[in-house]
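K.L.:
Before I ask anything, here is the structure I am working with.
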Amino acid sequence: MDIQNSDNKYRTSAAIVDQVLKQASVVVVPGMSVAAICSYADELVEASCRAVFRKEETIERGVALPTTVSVNRIIQNYSPGPEDDYVLREGDVAKVEVSAHIDGCMASAAHTSVATNAPGTAITDRRADVISAAYHASEVAARMIRPGQSARNVVKALGLVAAGFNCTVAADTFTCQIDRFVISGKNTFANRFDPDALVDDFTFESGETYTVDCTLSSGSGISRQSAYESTVYQRDVNRQHSLKLRTSRALFSEVSRRFSVFPFLMRTAVGDSSALKAGITECVRARLLAPFAVTMDKDPGETFVAQFKSTVRCHYTGPVRLTRALPLPNVQSSVVIPAESEIGQILALDCEQATLPELPRLKLQIQTPVPVEAGSTESGAAAAAAMDMS
(Lines give C-alpha, C1' and ligand atoms only; values in the text may rest on other atoms or scores of the structure.)
Protein backbone atom coordinates (compact mmCIF):
# COMPACT_ATOMS: atom_id res chain seq x y z
CA MET A 1 0.00 0.00 0.00
CA ASP A 2 1.42 3.39 -0.97
CA ILE A 3 1.82 6.11 1.64
CA GLN A 4 -0.88 8.38 0.23
CA ASN A 5 -3.46 5.58 0.12
CA SER A 6 -2.56 4.55 3.66
CA ASP A 7 -2.88 8.14 4.89
CA ASN A 8 -6.30 8.48 3.24
CA LYS A 9 -7.49 5.33 5.00
CA TYR A 10 -6.26 6.51 8.40
CA ARG A 11 -8.02 9.85 7.90
CA THR A 12 -11.20 8.17 6.72
CA SER A 13 -11.19 5.89 9.77
CA ALA A 14 -10.74 8.96 11.96
CA ALA A 15 -13.65 10.73 10.23
CA ILE A 16 -15.87 7.70 10.86
CA VAL A 17 -14.85 7.52 14.52
CA ASP A 18 -15.51 11.25 14.98
CA GLN A 19 -18.96 11.01 13.46
CA VAL A 20 -20.00 7.86 15.33
CA LEU A 21 -18.62 9.04 18.68
CA LYS A 22 -20.61 12.26 18.35
CA GLN A 23 -23.81 10.33 17.55
CA ALA A 24 -23.26 7.82 20.35
CA SER A 25 -22.52 10.53 22.93
CA VAL A 26 -25.82 12.26 22.12
CA VAL A 27 -27.80 9.23 23.34
CA VAL A 28 -26.02 9.10 26.72
CA VAL A 29 -29.14 10.05 28.67
CA PRO A 30 -30.96 8.69 31.74
CA GLY A 31 -32.96 5.57 30.93
CA MET A 32 -30.74 4.54 28.00
CA SER A 33 -29.48 0.97 27.79
CA VAL A 34 -25.69 0.67 27.63
CA ALA A 35 -26.03 -2.40 25.40
CA ALA A 36 -28.19 -0.37 23.01
CA ILE A 37 -25.59 2.42 22.79
CA CYS A 38 -22.80 -0.08 22.07
CA SER A 39 -24.83 -1.89 19.41
CA TYR A 40 -25.89 1.40 17.82
CA ALA A 41 -22.32 2.68 17.57
CA ASP A 42 -20.95 -0.59 16.17
CA GLU A 43 -23.69 -0.69 13.52
CA LEU A 44 -22.86 2.88 12.54
CA VAL A 45 -19.16 2.04 12.25
CA GLU A 46 -19.83 -1.01 10.07
CA ALA A 47 -22.25 0.85 7.80
CA SER A 48 -19.92 3.84 7.47
CA CYS A 49 -16.93 1.64 6.63
CA ARG A 50 -18.91 -0.16 3.91
CA ALA A 51 -19.77 3.19 2.33
CA VAL A 52 -16.15 4.21 1.63
CA PHE A 53 -13.42 2.83 -0.68
CA ARG A 54 -16.12 0.90 -2.50
CA LYS A 55 -13.84 0.11 -5.46
CA GLU A 56 -11.62 -1.90 -3.10
CA GLU A 57 -14.25 -4.55 -2.47
CA THR A 58 -11.99 -7.19 -0.93
CA ILE A 59 -10.27 -5.16 1.79
CA GLU A 60 -11.06 -5.77 5.45
CA ARG A 61 -12.94 -2.97 7.20
CA GLY A 62 -15.21 -2.24 10.14
CA VAL A 63 -14.96 -2.16 13.92
CA ALA A 64 -11.37 -2.16 15.16
CA LEU A 65 -12.36 -2.51 18.82
CA PRO A 66 -15.99 -3.05 19.86
CA THR A 67 -17.65 0.05 21.26
CA THR A 68 -17.59 0.20 25.04
CA VAL A 69 -19.55 2.40 27.43
CA SER A 70 -17.89 2.18 30.84
CA VAL A 71 -19.98 3.79 33.59
CA ASN A 72 -18.91 5.61 36.78
CA ARG A 73 -16.01 3.70 38.38
CA ILE A 74 -15.81 1.09 35.63
CA ILE A 75 -12.44 1.76 33.96
CA GLN A 76 -12.69 -0.07 30.65
CA ASN A 77 -14.03 -2.82 28.34
CA TYR A 78 -17.73 -2.76 29.29
CA SER A 79 -19.84 -3.79 26.27
CA PRO A 80 -22.67 -5.85 27.75
CA GLY A 81 -25.18 -8.18 26.18
CA PRO A 82 -28.84 -8.15 27.22
CA GLU A 83 -28.19 -10.45 30.18
CA ASP A 84 -25.65 -8.07 31.77
CA ASP A 85 -27.04 -4.75 30.62
CA TYR A 86 -27.12 -1.55 32.64
CA VAL A 87 -29.59 1.31 32.23
CA LEU A 88 -28.08 4.77 32.70
CA ARG A 89 -29.29 6.82 35.66
CA GLU A 90 -29.34 10.55 36.30
CA GLY A 91 -25.80 11.76 36.97
CA ASP A 92 -23.97 8.68 35.68
CA VAL A 93 -20.54 9.32 34.17
CA ALA A 94 -20.32 7.39 30.89
CA LYS A 95 -17.14 6.88 28.87
CA VAL A 96 -17.90 6.03 25.23
CA GLU A 97 -15.02 4.56 23.20
CA VAL A 98 -15.31 3.98 19.44
CA SER A 99 -12.80 2.49 16.97
CA ALA A 100 -12.79 1.81 13.24
CA HIS A 101 -10.40 0.61 10.57
CA ILE A 102 -10.15 0.60 6.79
CA ASP A 103 -7.77 -2.07 5.47
CA GLY A 104 -6.11 -2.26 8.89
CA CYS A 105 -5.57 1.51 9.14
CA MET A 106 -7.33 2.29 12.40
CA ALA A 107 -8.41 5.23 14.50
CA SER A 108 -9.84 5.28 18.01
CA ALA A 109 -11.33 7.92 20.28
CA ALA A 110 -13.23 8.20 23.55
CA HIS A 111 -15.32 10.89 25.19
CA THR A 112 -16.85 11.24 28.64
CA SER A 113 -20.45 12.41 29.04
CA VAL A 114 -22.77 12.80 32.00
CA ALA A 115 -26.25 11.30 31.67
CA THR A 116 -28.59 14.07 32.77
CA ASN A 117 -31.98 15.57 32.02
CA ALA A 118 -30.64 18.98 33.03
CA PRO A 119 -27.64 19.65 30.76
CA GLY A 120 -27.85 23.37 31.53
CA THR A 121 -27.02 22.79 35.18
CA ALA A 122 -23.28 22.84 35.81
CA ILE A 123 -21.68 19.91 37.63
CA THR A 124 -19.31 21.09 40.35
CA ASP A 125 -18.58 17.99 42.48
CA ARG A 126 -15.85 15.37 42.11
CA ARG A 127 -17.22 14.40 38.72
CA ALA A 128 -16.22 17.86 37.48
CA ASP A 129 -12.69 17.41 38.83
CA VAL A 130 -12.05 14.02 37.26
CA ILE A 131 -13.65 14.91 33.91
CA SER A 132 -11.66 18.14 33.71
CA ALA A 133 -8.49 16.32 34.75
CA ALA A 134 -8.89 13.60 32.10
CA TYR A 135 -9.67 16.19 29.42
CA HIS A 136 -6.61 18.31 30.19
CA ALA A 137 -4.44 15.19 30.49
CA SER A 138 -5.54 14.19 27.00
CA GLU A 139 -4.75 17.65 25.63
CA VAL A 140 -1.33 17.60 27.29
CA ALA A 141 -0.45 14.12 26.03
CA ALA A 142 -1.52 14.90 22.47
CA ARG A 143 0.75 17.96 22.40
CA MET A 144 3.72 15.87 23.57
CA ILE A 145 3.58 13.37 20.68
CA ARG A 146 6.35 15.18 18.82
CA PRO A 147 9.80 14.13 17.55
CA GLY A 148 12.41 13.93 20.29
CA GLN A 149 9.94 13.98 23.19
CA SER A 150 10.17 10.99 25.52
CA ALA A 151 7.48 8.60 26.68
CA ARG A 152 8.66 8.97 30.27
CA ASN A 153 8.01 12.72 30.12
CA VAL A 154 4.45 12.04 28.93
CA VAL A 155 3.86 9.76 31.92
CA LYS A 156 5.29 12.41 34.25
CA ALA A 157 3.04 15.10 32.77
CA LEU A 158 -0.07 12.94 33.09
CA GLY A 159 0.77 12.37 36.74
CA LEU A 160 1.15 16.11 37.31
CA VAL A 161 -2.24 16.85 35.75
CA ALA A 162 -3.94 14.14 37.81
CA ALA A 163 -2.33 15.31 41.05
CA GLY A 164 -3.38 18.89 40.40
CA PHE A 165 -7.03 17.81 40.42
CA ASN A 166 -6.51 15.40 43.36
CA CYS A 167 -7.06 12.49 40.97
CA THR A 168 -5.00 9.52 39.78
CA VAL A 169 -4.13 7.96 36.44
CA ALA A 170 -6.02 4.68 36.11
CA ALA A 171 -3.98 1.49 36.08
CA ASP A 172 -3.78 -0.67 32.95
CA THR A 173 -4.37 2.22 30.55
CA PHE A 174 -1.88 2.83 27.77
CA THR A 175 -0.59 5.01 24.98
CA CYS A 176 -0.27 2.58 22.08
CA GLN A 177 1.76 2.87 18.93
CA ILE A 178 -0.43 1.67 16.08
CA ASP A 179 0.32 0.51 12.57
CA ARG A 180 -1.55 -1.29 9.84
CA PHE A 181 -3.35 -4.23 11.52
CA VAL A 182 -1.43 -3.48 14.75
CA ILE A 183 -3.33 -2.01 17.73
CA SER A 184 -0.45 -2.12 20.20
CA GLY A 185 3.03 -1.80 18.72
CA LYS A 186 6.48 -1.99 20.25
CA ASN A 187 6.43 1.58 21.55
CA THR A 188 3.38 1.08 23.75
CA PHE A 189 3.66 2.30 27.34
CA ALA A 190 1.56 2.48 30.50
CA ASN A 191 0.23 5.95 31.34
CA ARG A 192 0.37 5.35 35.11
CA PHE A 193 3.79 5.66 36.74
CA ASP A 194 4.79 2.48 38.55
CA PRO A 195 8.22 2.52 40.26
CA ASP A 196 8.18 -1.28 40.45
CA ALA A 197 7.61 -1.75 36.73
CA LEU A 198 9.90 0.71 34.97
CA VAL A 199 10.23 0.10 31.24
CA ASP A 200 12.82 1.28 28.76
CA ASP A 201 12.28 4.89 27.76
CA PHE A 202 12.12 5.95 24.10
CA THR A 203 11.56 9.09 22.06
CA PHE A 204 8.83 9.64 19.50
CA GLU A 205 9.82 9.72 15.85
CA SER A 206 8.25 11.34 12.82
CA GLY A 207 5.81 9.08 10.99
CA GLU A 208 4.59 7.17 14.05
CA THR A 209 0.92 7.10 15.04
CA TYR A 210 -0.45 6.61 18.56
CA THR A 211 -3.76 6.13 20.34
CA VAL A 212 -3.51 8.24 23.49
CA ASP A 213 -5.87 6.89 26.17
CA CYS A 214 -6.10 9.26 29.13
CA THR A 215 -8.26 7.61 31.80
CA LEU A 216 -8.24 9.19 35.27
CA SER A 217 -9.98 8.34 38.52
CA SER A 218 -11.20 10.38 41.46
CA GLY A 219 -10.17 7.41 43.61
CA SER A 220 -7.01 5.33 43.84
CA GLY A 221 -6.92 4.39 40.16
CA ILE A 222 -5.98 0.85 41.20
CA SER A 223 -8.03 -1.56 39.13
CA ARG A 224 -9.78 -4.79 40.01
CA GLN A 225 -11.93 -7.09 37.93
CA SER A 226 -15.63 -6.24 38.09
CA ALA A 227 -18.62 -8.56 38.42
CA TYR A 228 -19.18 -8.39 34.68
CA GLU A 229 -17.93 -11.22 32.47
CA SER A 230 -15.62 -10.35 29.58
CA THR A 231 -17.41 -9.86 26.27
CA VAL A 232 -14.49 -8.55 24.18
CA TYR A 233 -11.85 -11.03 23.04
CA GLN A 234 -8.87 -11.06 20.71
CA ARG A 235 -7.40 -13.96 18.77
CA ASP A 236 -3.66 -14.62 18.95
CA VAL A 237 -2.92 -15.22 15.27
CA ASN A 238 0.68 -16.27 16.05
CA ARG A 239 -0.21 -19.09 18.44
CA GLN A 240 -1.18 -22.67 17.64
CA HIS A 241 -2.54 -25.33 19.97
CA SER A 242 -4.26 -28.70 19.59
CA LEU A 243 -7.63 -28.33 21.30
CA LYS A 244 -9.12 -31.41 22.95
CA LEU A 245 -12.80 -30.59 23.01
CA ARG A 246 -14.92 -30.62 19.87
CA THR A 247 -16.79 -27.55 21.09
CA SER A 248 -13.50 -25.67 21.49
CA ARG A 249 -12.36 -26.61 18.00
CA ALA A 250 -15.70 -25.52 16.58
CA LEU A 251 -15.53 -22.17 18.37
CA PHE A 252 -11.97 -21.44 17.33
CA SER A 253 -12.75 -22.40 13.74
CA GLU A 254 -15.68 -19.96 13.73
CA VAL A 255 -13.59 -17.18 15.26
CA SER A 256 -10.72 -17.76 12.81
CA ARG A 257 -13.13 -17.68 9.89
CA ARG A 258 -14.84 -14.44 10.90
CA PHE A 259 -12.21 -12.36 12.71
CA SER A 260 -8.58 -11.45 12.05
CA VAL A 261 -6.28 -9.53 14.38
CA PHE A 262 -8.76 -7.04 15.77
CA PRO A 263 -10.73 -7.63 19.00
CA PHE A 264 -14.32 -8.79 18.64
CA LEU A 265 -17.47 -9.41 20.66
CA MET A 266 -17.78 -13.04 21.67
CA ARG A 267 -21.57 -12.91 21.40
CA THR A 268 -21.28 -12.18 17.67
CA ALA A 269 -19.21 -15.34 17.28
CA VAL A 270 -21.28 -17.76 19.37
CA GLY A 271 -24.77 -16.30 18.97
CA ASP A 272 -27.26 -18.49 20.82
CA SER A 273 -25.15 -21.64 20.50
CA SER A 274 -24.50 -23.13 23.93
CA ALA A 275 -22.08 -25.61 22.29
CA LEU A 276 -19.83 -22.81 21.03
CA LYS A 277 -20.01 -21.02 24.38
CA ALA A 278 -18.75 -24.19 26.05
CA GLY A 279 -15.52 -23.93 24.06
CA ILE A 280 -14.49 -20.51 25.40
CA THR A 281 -12.75 -21.80 28.54
CA GLU A 282 -10.34 -24.15 26.75
CA CYS A 283 -9.53 -21.58 24.05
CA VAL A 284 -8.67 -19.02 26.74
CA ARG A 285 -6.67 -21.56 28.75
CA ALA A 286 -4.69 -22.42 25.61
CA ARG A 287 -4.12 -18.68 25.08
CA LEU A 288 -5.64 -18.81 21.63
CA LEU A 289 -8.17 -16.23 22.75
CA ALA A 290 -7.47 -13.39 25.18
CA PRO A 291 -10.38 -11.86 27.14
CA PHE A 292 -10.46 -8.12 27.82
CA ALA A 293 -11.35 -7.89 31.50
CA VAL A 294 -13.97 -5.37 32.58
CA THR A 295 -12.05 -3.51 35.28
CA MET A 296 -13.11 -0.93 37.84
CA ASP A 297 -11.49 1.28 40.46
CA LYS A 298 -11.16 -0.68 43.68
CA ASP A 299 -12.42 2.25 45.78
CA PRO A 300 -16.18 1.98 46.45
CA GLY A 301 -18.59 4.83 47.05
CA GLU A 302 -18.36 8.19 45.31
CA THR A 303 -15.58 7.22 42.91
CA PHE A 304 -15.73 8.25 39.25
CA VAL A 305 -13.52 7.48 36.26
CA ALA A 306 -13.31 9.72 33.17
CA GLN A 307 -11.69 9.01 29.80
CA PHE A 308 -10.64 11.01 26.76
CA LYS A 309 -8.84 9.22 23.95
CA SER A 310 -7.46 10.45 20.65
CA THR A 311 -5.44 9.21 17.69
CA VAL A 312 -2.37 11.36 17.09
CA ARG A 313 0.32 11.24 14.42
CA CYS A 314 3.87 12.33 15.17
CA HIS A 315 4.80 14.64 12.28
CA TYR A 316 8.18 16.27 11.79
CA THR A 317 6.48 19.64 12.41
CA GLY A 318 4.79 18.43 15.62
CA PRO A 319 1.71 16.46 16.65
CA VAL A 320 -1.21 16.08 14.25
CA ARG A 321 -4.48 15.00 15.80
CA LEU A 322 -6.45 12.68 13.53
CA THR A 323 -9.56 12.39 15.71
CA ARG A 324 -11.28 15.54 16.97
CA ALA A 325 -12.08 16.33 20.60
CA LEU A 326 -15.78 16.80 21.40
CA PRO A 327 -16.90 19.66 23.67
CA LEU A 328 -16.70 19.02 27.39
CA PRO A 329 -19.93 18.33 29.27
CA ASN A 330 -21.15 21.14 31.52
CA VAL A 331 -18.59 20.73 34.32
CA GLN A 332 -16.99 23.44 36.44
CA SER A 333 -14.00 22.38 38.49
CA SER A 334 -12.53 24.72 41.09
CA VAL A 335 -9.04 23.79 39.89
CA VAL A 336 -7.33 26.20 37.49
CA ILE A 337 -4.10 25.33 35.67
CA PRO A 338 -1.76 28.37 35.85
CA ALA A 339 -0.54 29.46 32.42
CA GLU A 340 3.02 29.78 33.75
CA SER A 341 3.10 26.23 35.16
CA GLU A 342 4.80 23.33 33.38
CA ILE A 343 1.42 21.92 32.36
CA GLY A 344 0.13 25.35 31.32
CA GLN A 345 3.12 25.81 29.03
CA ILE A 346 2.52 22.43 27.38
CA LEU A 347 -1.15 23.30 26.84
CA ALA A 348 -0.02 26.49 25.07
CA LEU A 349 1.82 24.45 22.41
CA ASP A 350 0.26 23.96 18.98
CA CYS A 351 -1.49 20.70 18.08
CA GLU A 352 -2.55 20.60 14.45
CA GLN A 353 -5.91 19.10 13.52
CA ALA A 354 -5.76 16.90 10.43
CA THR A 355 -8.10 17.64 7.54
CA LEU A 356 -10.54 14.74 7.31
CA PRO A 357 -12.54 13.61 4.26
CA GLU A 358 -16.27 14.18 4.00
CA LEU A 359 -18.14 10.93 4.47
CA PRO A 360 -20.92 9.80 2.12
CA ARG A 361 -24.47 9.77 3.39
CA LEU A 362 -25.55 6.31 4.55
CA LYS A 363 -28.13 4.70 2.27
CA LEU A 364 -29.41 2.53 5.09
CA GLN A 365 -30.28 4.57 8.18
CA ILE A 366 -29.40 3.03 11.54
CA GLN A 367 -32.23 3.36 14.05
CA THR A 368 -31.35 5.58 16.99
CA PRO A 369 -31.97 3.85 20.35
CA VAL A 370 -34.55 5.27 22.74
CA PRO A 371 -34.53 5.26 26.55
CA VAL A 372 -36.17 2.43 28.44
CA GLU A 373 -37.57 2.38 31.93
CA ALA A 374 -34.66 2.47 34.38
CA GLY A 375 -34.09 -0.85 36.06
CA SER A 376 -36.11 -2.85 33.53
CA THR A 377 -33.08 -4.86 32.40
CA GLU A 378 -31.25 -5.13 35.70
CA SER A 379 -31.44 -8.58 37.23
CA GLY A 380 -29.01 -11.17 38.56
CA ALA A 381 -25.40 -10.35 37.74
CA ALA A 382 -26.44 -7.04 36.16
CA ALA A 383 -28.07 -5.86 39.38
CA ALA A 384 -24.99 -6.80 41.42
CA ALA A 385 -22.70 -4.97 39.01
CA ALA A 386 -25.01 -1.96 38.95
CA MET A 387 -24.57 -1.70 42.71
CA ASP A 388 -20.81 -1.65 42.13
CA MET A 389 -21.20 1.26 39.73
CA SER A 390 -23.10 3.41 42.20
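A note on labels: chains of the C-alpha coordinates are A, B, ... as shown, every chain counts residues from 1, and ligands are counted from 1 in their shown order.
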What's around region 120-125 of chain A at 9 Å? Count only C-alpha atoms, leave out sequence neighbours fewer than 3 positions away in its own chain, and write the answer as a list in words.

P.N.:
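Near region 120-125 of chain A, the qualifying residues are Asn117, Ala128, Asp129, Pro329, Asn330, Val331, Gln332, Ser333 and Ser334 of chain A.
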
K.L.:
Find the residues near region 319-328 of chain A: any atom within 10 Å, counting only C-alpha atoms, skip ones fewer than 2 places away on the same chain, and give them as an MDAnalysis selection string.

P.N.:
chainID A and resid 10:19 21:22 25 107:114 131:132 135 138:139 141:147 206 209:211 308:317 330:331 349:356

K.L.:
Write out as a PyMOL selection string the set of residues from region 44-247 of chain A that DSSP, computed on the backbone, places in alpha helix (DSSP H).

P.N.:
chain A and resi 44-50+126-143+151-164+246-247

K.L.:
DSSP on the backbone, then: every residue of region 163-210 of chain A marked strand (DSSP E), written as a list in words.

P.N.:
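Going through region 163-210 of chain A, the strand (DSSP E) residues come out as Thr168, Val169, Phe174, Thr175, Cys176, Gln177, Ile178, Phe189, Ala190, Thr209 and Tyr210 of chain A.
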
K.L.:
Extract, using only C-alpha atoms, all DNA, RNA and protein residues at most 10 Å from Glu43 (chain A), discarding same-chain residues fewer than 2 positions from it, and format them as a PyMOL selection string.

P.N.:
chain A and resi 20+37-41+45-49+62-63+67+365-367

K.L.:
Could you dump the residues just selected with N, CA, C and O atoms as an mmCIF file, in the first residue's frame?

P.N.:
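part_29.cif was written with the following content:
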data_model
loop_
_atom_site.group_PDB
_atom_site.id
_atom_site.type_symbol
_atom_site.label_atom_id
_atom_site.label_comp_id
_atom_site.auth_asym_id
_atom_site.auth_seq_id
_atom_site.Cartn_x
_atom_site.Cartn_y
_atom_site.Cartn_z
ATOM 1 N N VAL A 20 -19.282 8.844 14.510
ATOM 2 C CA VAL A 20 -19.999 7.863 15.326
ATOM 3 C C VAL A 20 -19.923 8.216 16.805
ATOM 4 O O VAL A 20 -20.915 8.103 17.536
ATOM 5 N N ILE A 37 -26.551 1.424 23.277
ATOM 6 C CA ILE A 37 -25.590 2.415 22.788
ATOM 7 C C ILE A 37 -24.438 1.715 22.064
ATOM 8 O O ILE A 37 -24.025 2.120 20.972
ATOM 9 N N CYS A 38 -23.918 0.650 22.663
ATOM 10 C CA CYS A 38 -22.797 -0.082 22.069
ATOM 11 C C CYS A 38 -23.191 -0.668 20.715
ATOM 12 O O CYS A 38 -22.447 -0.559 19.731
ATOM 13 N N SER A 39 -24.361 -1.296 20.657
ATOM 14 C CA SER A 39 -24.828 -1.892 19.406
ATOM 15 C C SER A 39 -25.044 -0.831 18.339
ATOM 16 O O SER A 39 -24.677 -1.020 17.170
ATOM 17 N N TYR A 40 -25.630 0.282 18.736
ATOM 18 C CA TYR A 40 -25.887 1.399 17.818
ATOM 19 C C TYR A 40 -24.586 1.914 17.218
ATOM 20 O O TYR A 40 -24.470 2.089 15.989
ATOM 21 N N ALA A 41 -23.591 2.146 18.055
ATOM 22 C CA ALA A 41 -22.320 2.678 17.571
ATOM 23 C C ALA A 41 -21.616 1.684 16.648
ATOM 24 O O ALA A 41 -21.076 2.065 15.594
ATOM 25 N N VAL A 45 -20.524 2.221 12.736
ATOM 26 C CA VAL A 45 -19.158 2.036 12.247
ATOM 27 C C VAL A 45 -19.152 1.097 11.047
ATOM 28 O O VAL A 45 -18.539 1.392 10.002
ATOM 29 N N GLU A 46 -19.819 -0.039 11.160
ATOM 30 C CA GLU A 46 -19.834 -1.013 10.073
ATOM 31 C C GLU A 46 -20.448 -0.419 8.807
ATOM 32 O O GLU A 46 -19.919 -0.582 7.699
ATOM 33 N N ALA A 47 -21.575 0.267 8.967
ATOM 34 C CA ALA A 47 -22.246 0.853 7.801
ATOM 35 C C ALA A 47 -21.392 1.945 7.166
ATOM 36 O O ALA A 47 -21.298 2.043 5.925
ATOM 37 N N SER A 48 -20.755 2.761 7.979
ATOM 38 C CA SER A 48 -19.917 3.845 7.466
ATOM 39 C C SER A 48 -18.686 3.304 6.746
ATOM 40 O O SER A 48 -18.266 3.857 5.716
ATOM 41 N N CYS A 49 -18.107 2.239 7.270
ATOM 42 C CA CYS A 49 -16.929 1.643 6.631
ATOM 43 C C CYS A 49 -17.282 1.006 5.284
ATOM 44 O O CYS A 49 -16.489 1.037 4.341
ATOM 45 N N GLY A 62 -14.167 -2.160 9.124
ATOM 46 C CA GLY A 62 -15.210 -2.241 10.140
ATOM 47 C C GLY A 62 -14.724 -1.832 11.513
ATOM 48 O O GLY A 62 -13.834 -0.984 11.658
ATOM 49 N N VAL A 63 -15.294 -2.466 12.525
ATOM 50 C CA VAL A 63 -14.965 -2.161 13.918
ATOM 51 C C VAL A 63 -13.560 -2.651 14.234
ATOM 52 O O VAL A 63 -13.229 -3.814 13.989
ATOM 53 N N THR A 67 -17.295 -1.114 20.451
ATOM 54 C CA THR A 67 -17.650 0.051 21.257
ATOM 55 C C THR A 67 -17.897 -0.359 22.699
ATOM 56 O O THR A 67 -18.555 -1.356 22.978
ATOM 57 N N GLN A 365 -30.328 3.829 6.919
ATOM 58 C CA GLN A 365 -30.277 4.565 8.177
ATOM 59 C C GLN A 365 -30.332 3.609 9.375
ATOM 60 O O GLN A 365 -31.144 2.680 9.395
ATOM 61 N N ILE A 366 -29.439 3.831 10.317
ATOM 62 C CA ILE A 366 -29.404 3.030 11.537
ATOM 63 C C ILE A 366 -30.360 3.656 12.550
ATOM 64 O O ILE A 366 -30.293 4.848 12.825
ATOM 65 N N GLN A 367 -31.233 2.835 13.107
ATOM 66 C CA GLN A 367 -32.227 3.356 14.045
ATOM 67 C C GLN A 367 -31.570 3.813 15.342
ATOM 68 O O GLN A 367 -30.809 3.076 15.965
#

K.L.:
Just the residues within 8 Å of Leu158 (chain A), please, counting only C-alpha atoms, with nothing from its chain fewer than 6 positions along; format it as a PyMOL selection string.

P.N.:
chain A and resi 137+140-141+169+191-192

K.L.:
Which residues are near Ile59 (chain A)? Cut-off 9 Å, only C-alpha atoms, ignore same chain within fewer than 5 positions. Put them as an NGL selection string.

P.N.:
:A and (53 or 102-104)

K.L.:
If I take CA of Val93 (chain A) and CA of Asp299 (chain A), how far is one from the other in Å, to one decimal?

P.N.:
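Here the two named atoms are 15.8 Å from each other.
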
K.L.:
So which residues touch region 239-243 of chain A within 9 Å, counting only C-alpha atoms, skipping near sequence neighbours fewer than 6 positions away, as a JSON list (two decimals) with N, CA and C atoms, in the first residue's frame?

P.N.:
[["chain", "number", "residue", "atom", "x", "y", "z"],
["A", 249, "ARG", "N", -12.83, -26.66, 19.39],
["A", 249, "ARG", "CA", -12.36, -26.61, 18.00],
["A", 249, "ARG", "C", -13.38, -25.91, 17.10],
["A", 282, "GLU", "N", -11.56, -23.48, 27.23],
["A", 282, "GLU", "CA", -10.34, -24.15, 26.75],
["A", 282, "GLU", "C", -9.55, -23.24, 25.81],
["A", 283, "CYS", "N", -10.23, -22.48, 24.96],
["A", 283, "CYS", "CA", -9.53, -21.58, 24.05],
["A", 283, "CYS", "C", -8.76, -20.50, 24.82],
["A", 286, "ALA", "N", -5.76, -22.14, 26.58],
["A", 286, "ALA", "CA", -4.69, -22.42, 25.61],
["A", 286, "ALA", "C", -4.07, -21.14, 25.05],
["A", 287, "ARG", "N", -4.58, -20.01, 25.50],
["A", 287, "ARG", "CA", -4.12, -18.68, 25.08],
["A", 287, "ARG", "C", -4.29, -18.42, 23.59],
["A", 288, "LEU", "N", -5.27, -19.11, 23.01],
["A", 288, "LEU", "CA", -5.64, -18.81, 21.63],
["A", 288, "LEU", "C", -6.54, -17.58, 21.58]]

K.L.:
Could you tell me which of A:Thr268, A:Ser218, A:Gln307, A:Ser223 comes closest to Ala171 (chain A) if we count only C-alpha atoms?

P.N.:
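Residue with the minimum atom-to-atom distance to Ala171 (chain A): A:Ser223.
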
K.L.:
Return the single residue from A:Lys156, A:Val270, A:Gln76, A:Phe189 that is closest to Ser253 (chain A), with distances computed using only C-alpha atoms.

P.N.:
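Answer, going by the shortest atom-to-atom distance: A:Val270.
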
K.L.:
Please determine, counting only C-alpha atoms, which residue among A:Ser217, A:Asn77, A:Gln4, A:Gln225 has the shortest atom-to-atom distance to Asn166 (chain A).

P.N.:
A:Ser217

K.L.:
Check the smallest atom-to-atom distance from each of A:Gly301, A:Pro66, A:Met296, A:Val52 to Tyr228 (chain A) using only C-alpha atoms, then report the winner.

P.N.:
A:Met296

K.L.:
Of the residues A:Ala151, A:Ala306, A:Val98, A:Ala250, which is the one nearest to Lys277 (chain A), using only C-alpha atoms?

P.N.:
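The answer is A:Ala250, which sits nearest to Lys277 (chain A).
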
K.L.:
Measure the distance from CA of Asp272 (chain A) to CA of Val232 (chain A) in Å and round it to one decimal.

P.N.:
16.5 Å

K.L.:
Kindly give the distance, in Å, that separates CA of Gln149 (chain A) and CA of Phe174 (chain A), rounded to a single decimal.

P.N.:
16.9 Å

K.L.:
Here is a test: counting only C-alpha atoms, which residue of A:Lys55, A:Arg224, A:Lys186, A:Arg361 is nearest to Thr295 (chain A)?

P.N.:
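Among the listed residues, A:Arg224 lies closest to Thr295 (chain A).
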